Amino acid sequence: MTQAFIIDAVRSPRGRGNDKGALKGVKPVDLLAQQLVALQARTGVDTAQVCDGLFGCVTQTAEQGSNIGKLALVRAGWSDAVSGMTLNRYCASGLTAVQFAATQALVNDGVAVAGGVEMMSRVPMASDKGPLTHDPDLQRQTRLVPIGIAADAIASIEGFTRQQCDAYALESQRRAVAARQDGRFRSVVPVKGEDGEVLLEQDETPRAGTTLESLSSLAPAFAEMGVKSGVDAWLAKQYGLAGVDHVQHAGNSPAMADGAAAVLVASTAAVQRLGLTPRARILAAADASADHVMALTGAADATRKALASAGLSAGDVDLFEVNESFAALMLHYMKHLEVPHERLNVNGGAIALGHAMGSTGSTLVGMALDELERRDARRAVVAICGAAGVAVAMVIERVSADAT
């Protein structure tokens, strides 16, 4: 994968994933199509030369069903020559789509498009009623613990306190608000309604008024569930804990959001043949799967694998864009990879910016590119975990026009 290039990456601003969100009136297929239109306009690519399209979407039902990735290509007016598929690797779907598109570009010595979409205001999480959330027998038999309780258990094992998690969440909000005010998110494409009116120009989810006091006033989100279900008692016995310390709540967990993103990738020969100008190359990508009970530690495992494949260490990386699955998991990532907070999610993460599940991984690619260029830095790691232990990580490196 060392010769796969990222030509460009765009994303929508993230809207609040509820009835008050600015994007509530936009269909998921239209939101993704707008990103595809913008990507084609920015790169000038002849879409008839694109060999495949791969898109992440977690809740593939109702308006997000029927292979929404392919339908968005049609809606965007891309050539019918572009195939398309929609994939679900839980929250890691969007980054997996970029990884798979890079493989397709190399296999076909051509160009591929990737991305993702999730509109949680219109298609709520778990509305597909899949076994992960709606089959109590499977959950009990396989110990598929609700991810919020798993995050609390990880915090308990690691000794992370409520105060540490809240401090991390506050910093995510502070960084996101500052980045939004400074206009650092150059990959953002404003979303328009059917009448052409701009509905949302920048991320809607950051909360400038967040304080430690306001965070400390929020009740733990998963404590009652953990006790009543008996999961807390089982986890304590299984992992040798005195109990599960419930530190996660609405303010230090990822915010549900609406969003879409699109990324164009190409082989070296395709870059030269089609006169494309890449922004970065993919040095390595790796999948990982962690303990399915704890589920959310896989981003660290995938990062280690990707760095090893690239022949690098964490110290060789300038920036880390890692999905903020929960505050405790970011503390876990920093601790176990020895990554300082100064290089992790420097413009905030999903706690502040929101997590539109199927698109977040591809969104992070654009965020990483924007910040590498702003800092004139070289390398970034993009990593994300998902339910049941799945995870993906990618190492990218900026390139100049004459480097291809």
# chains A, B, ... in the order shown; residues from 1 in each chain; ligands from 1
$ residues_around --residues "Leu71 of chain A" --least-positions-apart "2" --cutoff "10 Å" --atoms "only C-alpha atoms" --output "list of chain:residue names"
A:Val29, A:Asp30, A:Leu32, A:Ala33, A:Gln64, A:Gly65, A:Ser66, A:Asn67, A:Ile68, A:Gly69, A:Leu73, A:Val74, A:Arg75, A:Ala76, A:Gly77, A:Gly84, A:Met85, A:Thr86
$ residues_around --residues "Ser313 of chain A" --least-positions-apart "5" --cutoff "12 Å" --atoms "only C-alpha atoms" --output "NGL selection string"
:A and (303-308 or 318 or 337-339 or 379-381 or 395)
$ residues_around --residues "Arg273 of chain A" --least-positions-apart "6" --cutoff "12 Å" --atoms "only C-alpha atoms" --output "PyMOL selection string"
chain A and resi 45-46+49+109-111+266-267+404
$ write_last_selection --atoms "C-alpha atoms" --output "compact mmCIF listing (two decimals), in the first residue's frame"
# COMPACT_ATOMS: atom_id res chain seq x y z
CA VAL A 45 -11.07 13.95 -11.77
CA ASP A 46 -12.91 12.38 -14.69
CA GLN A 49 -11.83 6.86 -14.67
CA ASP A 109 -3.76 0.78 -11.20
CA GLY A 110 -6.31 3.55 -11.15
CA VAL A 111 -8.46 5.81 -9.01
CA ALA A 266 -5.00 6.73 -6.67
CA SER A 267 -2.04 4.63 -7.70
CA THR A 404 5.23 11.23 -7.32
$ residues_around --residues "Gly44 of chain A" --least-positions-apart "4" --cutoff "9 Å" --atoms "only C-alpha atoms" --output "list in words"
Leu39, Gln40 and Leu276 of chain A
$ select_by_dssp --residues "segment 177-385 of chain A" --states "alpha helix (DSSP H)" --output "PyMOL selection string"
chain A and resi 177-182+212-216+223-229+231-239+268-274+298-310+327-337+350-353+360-375
$ write_last_selection --atoms "C-alpha atoms" --output "PDB file, in the first residue's frame"
ATOM      1  CA  VAL A 177     -13.935  25.672  19.544  1.00  0.00           C
ATOM      2  CA  ALA A 178     -10.540  27.296  18.890  1.00  0.00           C
ATOM      3  CA  ALA A 179     -10.073  25.368  15.635  1.00  0.00           C
ATOM      4  CA  ARG A 180     -13.535  26.338  14.434  1.00  0.00           C
ATOM      5  CA  GLN A 181     -12.944  29.985  15.242  1.00  0.00           C
ATOM      6  CA  ASP A 182      -9.541  29.954  13.495  1.00  0.00           C
ATOM      7  CA  LEU A 212     -15.295  21.365  34.588  1.00  0.00           C
ATOM      8  CA  GLU A 213     -18.169  22.344  36.855  1.00  0.00           C
ATOM      9  CA  SER A 214     -20.781  21.663  34.189  1.00  0.00           C
ATOM     10  CA  LEU A 215     -19.175  18.325  33.360  1.00  0.00           C
ATOM     11  CA  SER A 216     -18.943  17.281  36.997  1.00  0.00           C
ATOM     12  CA  ALA A 223     -24.154   2.983  36.159  1.00  0.00           C
ATOM     13  CA  GLU A 224     -27.786   1.921  36.489  1.00  0.00           C
ATOM     14  CA  MET A 225     -27.575  -0.312  33.430  1.00  0.00           C
ATOM     15  CA  GLY A 226     -24.413  -1.966  34.715  1.00  0.00           C
ATOM     16  CA  VAL A 227     -25.919  -2.798  38.086  1.00  0.00           C
ATOM     17  CA  LYS A 228     -29.378  -3.901  36.950  1.00  0.00           C
ATOM     18  CA  SER A 229     -28.083  -6.088  34.128  1.00  0.00           C
ATOM     19  CA  VAL A 231     -22.779  -6.842  33.892  1.00  0.00           C
ATOM     20  CA  ASP A 232     -20.903  -4.877  36.554  1.00  0.00           C
ATOM     21  CA  ALA A 233     -20.720  -7.891  38.854  1.00  0.00           C
ATOM     22  CA  TRP A 234     -19.549 -10.165  36.035  1.00  0.00           C
ATOM     23  CA  LEU A 235     -16.873  -7.700  34.880  1.00  0.00           C
ATOM     24  CA  ALA A 236     -15.597  -7.235  38.429  1.00  0.00           C
ATOM     25  CA  LYS A 237     -15.235 -10.988  38.842  1.00  0.00           C
ATOM     26  CA  GLN A 238     -13.772 -11.542  35.365  1.00  0.00           C
ATOM     27  CA  TYR A 239     -11.131  -8.806  35.620  1.00  0.00           C
ATOM     28  CA  THR A 268       1.246   6.263  -8.728  1.00  0.00           C
ATOM     29  CA  ALA A 269       0.649   5.604 -12.415  1.00  0.00           C
ATOM     30  CA  ALA A 270      -2.908   6.965 -12.231  1.00  0.00           C
ATOM     31  CA  VAL A 271      -1.671  10.160 -10.579  1.00  0.00           C
ATOM     32  CA  GLN A 272       0.714  10.705 -13.489  1.00  0.00           C
ATOM     33  CA  ARG A 273      -1.653   9.501 -16.196  1.00  0.00           C
ATOM     34  CA  LEU A 274      -4.564  11.692 -15.100  1.00  0.00           C
ATOM     35  CA  GLY A 298      -8.268  -1.929  19.382  1.00  0.00           C
ATOM     36  CA  ALA A 299      -7.206   1.500  18.105  1.00  0.00           C
ATOM     37  CA  ALA A 300      -3.949   1.142  20.024  1.00  0.00           C
ATOM     38  CA  ASP A 301      -3.385  -2.365  18.631  1.00  0.00           C
ATOM     39  CA  ALA A 302      -4.098  -1.280  15.056  1.00  0.00           C
ATOM     40  CA  THR A 303      -1.766   1.698  15.450  1.00  0.00           C
ATOM     41  CA  ARG A 304       1.065  -0.528  16.590  1.00  0.00           C
ATOM     42  CA  LYS A 305       0.568  -2.810  13.585  1.00  0.00           C
ATOM     43  CA  ALA A 306       0.392   0.077  11.105  1.00  0.00           C
ATOM     44  CA  LEU A 307       3.486   1.755  12.541  1.00  0.00           C
ATOM     45  CA  ALA A 308       5.420  -1.516  12.437  1.00  0.00           C
ATOM     46  CA  SER A 309       4.396  -2.043   8.819  1.00  0.00           C
ATOM     47  CA  ALA A 310       5.636   1.451   7.969  1.00  0.00           C
ATOM     48  CA  ALA A 327     -12.490   9.958  27.238  1.00  0.00           C
ATOM     49  CA  ALA A 328     -11.153   6.929  29.121  1.00  0.00           C
ATOM     50  CA  LEU A 329     -10.111   5.313  25.852  1.00  0.00           C
ATOM     51  CA  MET A 330      -8.096   8.365  24.831  1.00  0.00           C
ATOM     52  CA  LEU A 331      -6.269   8.203  28.153  1.00  0.00           C
ATOM     53  CA  HIS A 332      -5.667   4.502  27.455  1.00  0.00           C
ATOM     54  CA  TYR A 333      -4.330   5.251  23.949  1.00  0.00           C
ATOM     55  CA  MET A 334      -1.935   7.930  25.189  1.00  0.00           C
ATOM     56  CA  LYS A 335      -0.698   5.765  28.052  1.00  0.00           C
ATOM     57  CA  HIS A 336      -0.050   2.590  26.094  1.00  0.00           C
ATOM     58  CA  LEU A 337       1.468   4.210  22.992  1.00  0.00           C
ATOM     59  CA  ALA A 350     -15.673  13.360  18.663  1.00  0.00           C
ATOM     60  CA  ILE A 351     -16.470  14.358  22.250  1.00  0.00           C
ATOM     61  CA  ALA A 352     -16.735  17.932  20.997  1.00  0.00           C
ATOM     62  CA  LEU A 353     -17.063  17.575  17.226  1.00  0.00           C
ATOM     63  CA  THR A 360     -15.959   9.482  11.139  1.00  0.00           C
ATOM     64  CA  GLY A 361     -12.991   7.411   9.964  1.00  0.00           C
ATOM     65  CA  SER A 362     -12.913   9.059   6.543  1.00  0.00           C
ATOM     66  CA  THR A 363     -13.546  12.468   8.148  1.00  0.00           C
ATOM     67  CA  LEU A 364     -10.409  12.042  10.252  1.00  0.00           C
ATOM     68  CA  VAL A 365      -8.319  11.659   7.085  1.00  0.00           C
ATOM     69  CA  GLY A 366      -9.265  15.154   5.950  1.00  0.00           C
ATOM     70  CA  MET A 367      -8.701  16.573   9.423  1.00  0.00           C
ATOM     71  CA  ALA A 368      -5.226  15.048   9.535  1.00  0.00           C
ATOM     72  CA  LEU A 369      -4.319  16.418   6.111  1.00  0.00           C
ATOM     73  CA  ASP A 370      -5.560  19.899   6.972  1.00  0.00           C
ATOM     74  CA  GLU A 371      -3.485  20.050  10.144  1.00  0.00           C
ATOM     75  CA  LEU A 372      -0.342  18.537   8.617  1.00  0.00           C
ATOM     76  CA  GLU A 373      -0.419  21.251   5.979  1.00  0.00           C
ATOM     77  CA  ARG A 374      -1.186  24.012   8.467  1.00  0.00           C
ATOM     78  CA  ARG A 375       1.817  23.012  10.569  1.00  0.00           C
TER      79      ARG A 375
END
$ residues_around --residues "Gly25 of chain A" --least-positions-apart "2" --cutoff "9 Å" --atoms "only C-alpha atoms" --output "PyMOL selection string"
chain A and resi 21-23+27+122+193
$ closest_atom_pairs --of "segment 231-289 of chain A" --to "segment 1-20 of chain A" --cutoff "12 Å" --atoms "only C-alpha atoms" --output "JSON lines"
{"residue": "A:Pro254", "atom": "CA", "partner": "A:Gly17", "partner_atom": "CA", "distance": 11.2}
{"residue": "A:Ala255", "atom": "CA", "partner": "A:Arg16", "partner_atom": "CA", "distance": 7.8}
{"residue": "A:Met256", "atom": "CA", "partner": "A:Gly17", "partner_atom": "CA", "distance": 5.0}
{"residue": "A:Ala257", "atom": "CA", "partner": "A:Gly17", "partner_atom": "CA", "distance": 3.9}
{"residue": "A:Asp258", "atom": "CA", "partner": "A:Gly15", "partner_atom": "CA", "distance": 5.0}
{"residue": "A:Gly259", "atom": "CA", "partner": "A:Arg14", "partner_atom": "CA", "distance": 5.0}
{"residue": "A:Ala260", "atom": "CA", "partner": "A:Ser12", "partner_atom": "CA", "distance": 5.5}
{"residue": "A:Ala261", "atom": "CA", "partner": "A:Arg11", "partner_atom": "CA", "distance": 4.0}
{"residue": "A:Ala262", "atom": "CA", "partner": "A:Val10", "partner_atom": "CA", "distance": 5.4}
{"residue": "A:Val263", "atom": "CA", "partner": "A:Ala9", "partner_atom": "CA", "distance": 4.3}
{"residue": "A:Leu264", "atom": "CA", "partner": "A:Ile7", "partner_atom": "CA", "distance": 5.4}
{"residue": "A:Val265", "atom": "CA", "partner": "A:Ile6", "partner_atom": "CA", "distance": 4.5}
{"residue": "A:Ala266", "atom": "CA", "partner": "A:Phe5", "partner_atom": "CA", "distance": 5.2}
{"residue": "A:Ser267", "atom": "CA", "partner": "A:Ala4", "partner_atom": "CA", "distance": 4.9}
{"residue": "A:Thr268", "atom": "CA", "partner": "A:Gln3", "partner_atom": "CA", "distance": 6.0}
{"residue": "A:Ala269", "atom": "CA", "partner": "A:Gln3", "partner_atom": "CA", "distance": 9.4}
{"residue": "A:Ala270", "atom": "CA", "partner": "A:Phe5", "partner_atom": "CA", "distance": 9.6}
{"residue": "A:Val271", "atom": "CA", "partner": "A:Phe5", "partner_atom": "CA", "distance": 8.0}
{"residue": "A:Gln272", "atom": "CA", "partner": "A:Phe5", "partner_atom": "CA", "distance": 11.2}
{"residue": "A:Leu274", "atom": "CA", "partner": "A:Ile7", "partner_atom": "CA", "distance": 11.4}
{"residue": "A:Gly275", "atom": "CA", "partner": "A:Ile7", "partner_atom": "CA", "distance": 10.8}
{"residue": "A:Leu276", "atom": "CA", "partner": "A:Ile7", "partner_atom": "CA", "distance": 7.0}
{"residue": "A:Thr277", "atom": "CA", "partner": "A:Ile7", "partner_atom": "CA", "distance": 6.1}
{"residue": "A:Pro278", "atom": "CA", "partner": "A:Ile7", "partner_atom": "CA", "distance": 4.0}
{"residue": "A:Arg279", "atom": "CA", "partner": "A:Ile7", "partner_atom": "CA", "distance": 5.4}
{"residue": "A:Ala280", "atom": "CA", "partner": "A:Ile6", "partner_atom": "CA", "distance": 5.2}
{"residue": "A:Arg281", "atom": "CA", "partner": "A:Phe5", "partner_atom": "CA", "distance": 4.2}
{"residue": "A:Ile282", "atom": "CA", "partner": "A:Ala4", "partner_atom": "CA", "distance": 5.6}
{"residue": "A:Leu283", "atom": "CA", "partner": "A:Thr2", "partner_atom": "CA", "distance": 4.7}
{"residue": "A:Ala284", "atom": "CA", "partner": "A:Met1", "partner_atom": "CA", "distance": 6.1}
{"residue": "A:Ala285", "atom": "CA", "partner": "A:Met1", "partner_atom": "CA", "distance": 7.6}
{"residue": "A:Ala286", "atom": "CA", "partner": "A:Met1", "partner_atom": "CA", "distance": 10.4}
$ atom_distance --atom1 "atom CA of Val189 of chain A" --atom2 "atom CA of Leu54 of chain A"
19.8 Å
$ residues_around --residues "Ala388 of chain A" --least-positions-apart "2" --cutoff "6 Å" --atoms "only C-alpha atoms" --output "compact mmCIF listing (two decimals) with N, CA and C atoms, in the first residue's frame"
# COMPACT_ATOMS: atom_id res chain seq x y z
N HIS A 292 -13.28 -8.79 22.59
CA HIS A 292 -14.60 -8.32 22.20
C HIS A 292 -15.43 -7.87 23.39
N ALA A 295 -13.68 -4.43 23.95
CA ALA A 295 -14.07 -3.92 22.64
C ALA A 295 -13.29 -2.71 22.13
N VAL A 390 -13.32 -4.45 16.87
CA VAL A 390 -12.70 -4.13 15.58
C VAL A 390 -12.00 -2.78 15.63
$ atom_distance --atom1 "atom CA of Leu87 of chain A" --atom2 "atom CA of Leu36 of chain A"
17.3 Å
$ select_by_dssp --residues "segment 195-284 of chain A" --states "strand (DSSP E or B)" --output "list in words"
Val198, Leu199, Leu200, Met256, Ala257, Asp258, Gly259, Ala260, Ala261, Ala262, Val263, Leu264, Val265, Ala266, Ala280, Arg281, Ile282, Leu283 and Ala284 of chain A
$ write_last_selection --atoms "N, CA and C atoms" --output "PDB file, in the first residue's frame"
ATOM      1  N   VAL A 198     -27.526  27.728   2.289  1.00  0.00           N
ATOM      2  CA  VAL A 198     -26.575  27.052   3.156  1.00  0.00           C
ATOM      3  C   VAL A 198     -27.230  26.769   4.506  1.00  0.00           C
ATOM      4  N   LEU A 199     -27.233  25.486   4.870  1.00  0.00           N
ATOM      5  CA  LEU A 199     -27.834  25.068   6.136  1.00  0.00           C
ATOM      6  C   LEU A 199     -26.815  25.037   7.269  1.00  0.00           C
ATOM      7  N   LEU A 200     -25.579  24.674   6.944  1.00  0.00           N
ATOM      8  CA  LEU A 200     -24.548  24.559   7.977  1.00  0.00           C
ATOM      9  C   LEU A 200     -23.182  24.725   7.329  1.00  0.00           C
ATOM     10  N   MET A 256     -23.503  12.180  19.417  1.00  0.00           N
ATOM     11  CA  MET A 256     -24.127  11.679  18.196  1.00  0.00           C
ATOM     12  C   MET A 256     -24.243  12.810  17.185  1.00  0.00           C
ATOM     13  N   ALA A 257     -23.983  12.492  15.916  1.00  0.00           N
ATOM     14  CA  ALA A 257     -23.915  13.556  14.913  1.00  0.00           C
ATOM     15  C   ALA A 257     -24.388  13.076  13.556  1.00  0.00           C
ATOM     16  N   ASP A 258     -24.652  14.056  12.688  1.00  0.00           N
ATOM     17  CA  ASP A 258     -24.887  13.826  11.271  1.00  0.00           C
ATOM     18  C   ASP A 258     -23.633  14.247  10.525  1.00  0.00           C
ATOM     19  N   GLY A 259     -23.210  13.444   9.540  1.00  0.00           N
ATOM     20  CA  GLY A 259     -22.033  13.838   8.770  1.00  0.00           C
ATOM     21  C   GLY A 259     -21.757  12.906   7.616  1.00  0.00           C
ATOM     22  N   ALA A 260     -20.970  13.400   6.680  1.00  0.00           N
ATOM     23  CA  ALA A 260     -20.543  12.607   5.530  1.00  0.00           C
ATOM     24  C   ALA A 260     -19.169  13.085   5.094  1.00  0.00           C
ATOM     25  N   ALA A 261     -18.435  12.210   4.422  1.00  0.00           N
ATOM     26  CA  ALA A 261     -17.092  12.546   3.957  1.00  0.00           C
ATOM     27  C   ALA A 261     -16.778  11.763   2.696  1.00  0.00           C
ATOM     28  N   ALA A 262     -15.815  12.273   1.925  1.00  0.00           N
ATOM     29  CA  ALA A 262     -15.379  11.591   0.708  1.00  0.00           C
ATOM     30  C   ALA A 262     -13.886  11.809   0.507  1.00  0.00           C
ATOM     31  N   VAL A 263     -13.204  10.748   0.070  1.00  0.00           N
ATOM     32  CA  VAL A 263     -11.745  10.771  -0.102  1.00  0.00           C
ATOM     33  C   VAL A 263     -11.411  10.128  -1.447  1.00  0.00           C
ATOM     34  N   LEU A 264     -10.541  10.775  -2.225  1.00  0.00           N
ATOM     35  CA  LEU A 264     -10.119  10.226  -3.513  1.00  0.00           C
ATOM     36  C   LEU A 264      -8.699   9.693  -3.379  1.00  0.00           C
ATOM     37  N   VAL A 265      -8.477   8.453  -3.817  1.00  0.00           N
ATOM     38  CA  VAL A 265      -7.159   7.817  -3.748  1.00  0.00           C
ATOM     39  C   VAL A 265      -6.773   7.300  -5.126  1.00  0.00           C
ATOM     40  N   ALA A 266      -5.466   7.144  -5.347  1.00  0.00           N
ATOM     41  CA  ALA A 266      -5.002   6.732  -6.674  1.00  0.00           C
ATOM     42  C   ALA A 266      -3.648   6.054  -6.589  1.00  0.00           C
ATOM     43  N   ALA A 280      -1.095  13.474  -0.034  1.00  0.00           N
ATOM     44  CA  ALA A 280      -0.368  12.575   0.873  1.00  0.00           C
ATOM     45  C   ALA A 280      -0.296  11.188   0.263  1.00  0.00           C
ATOM     46  N   ARG A 281       0.600  10.376   0.803  1.00  0.00           N
ATOM     47  CA  ARG A 281       0.657   8.965   0.456  1.00  0.00           C
ATOM     48  C   ARG A 281       0.297   8.141   1.684  1.00  0.00           C
ATOM     49  N   ILE A 282      -0.233   6.960   1.437  1.00  0.00           N
ATOM     50  CA  ILE A 282      -0.536   6.037   2.525  1.00  0.00           C
ATOM     51  C   ILE A 282       0.680   5.143   2.718  1.00  0.00           C
ATOM     52  N   LEU A 283       1.337   5.286   3.848  1.00  0.00           N
ATOM     53  CA  LEU A 283       2.518   4.481   4.126  1.00  0.00           C
ATOM     54  C   LEU A 283       2.151   3.079   4.571  1.00  0.00           C
ATOM     55  N   ALA A 284       1.078   2.955   5.328  1.00  0.00           N
ATOM     56  CA  ALA A 284       0.657   1.643   5.830  1.00  0.00           C
ATOM     57  C   ALA A 284      -0.744   1.749   6.402  1.00  0.00           C
TER      58      ALA A 284
END
$ closest_residue --among "A:Asp52, A:Glu321, A:Glu201, A:Glu194" --to "Val82 of chain A" --atoms "only C-alpha atoms"
A:Asp52
$ closest_residue --among "A:Glu204, A:Glu63, A:Asp291, A:Glu197" --to "Ile154 of chain A" --atoms "only C-alpha atoms"
A:Asp291
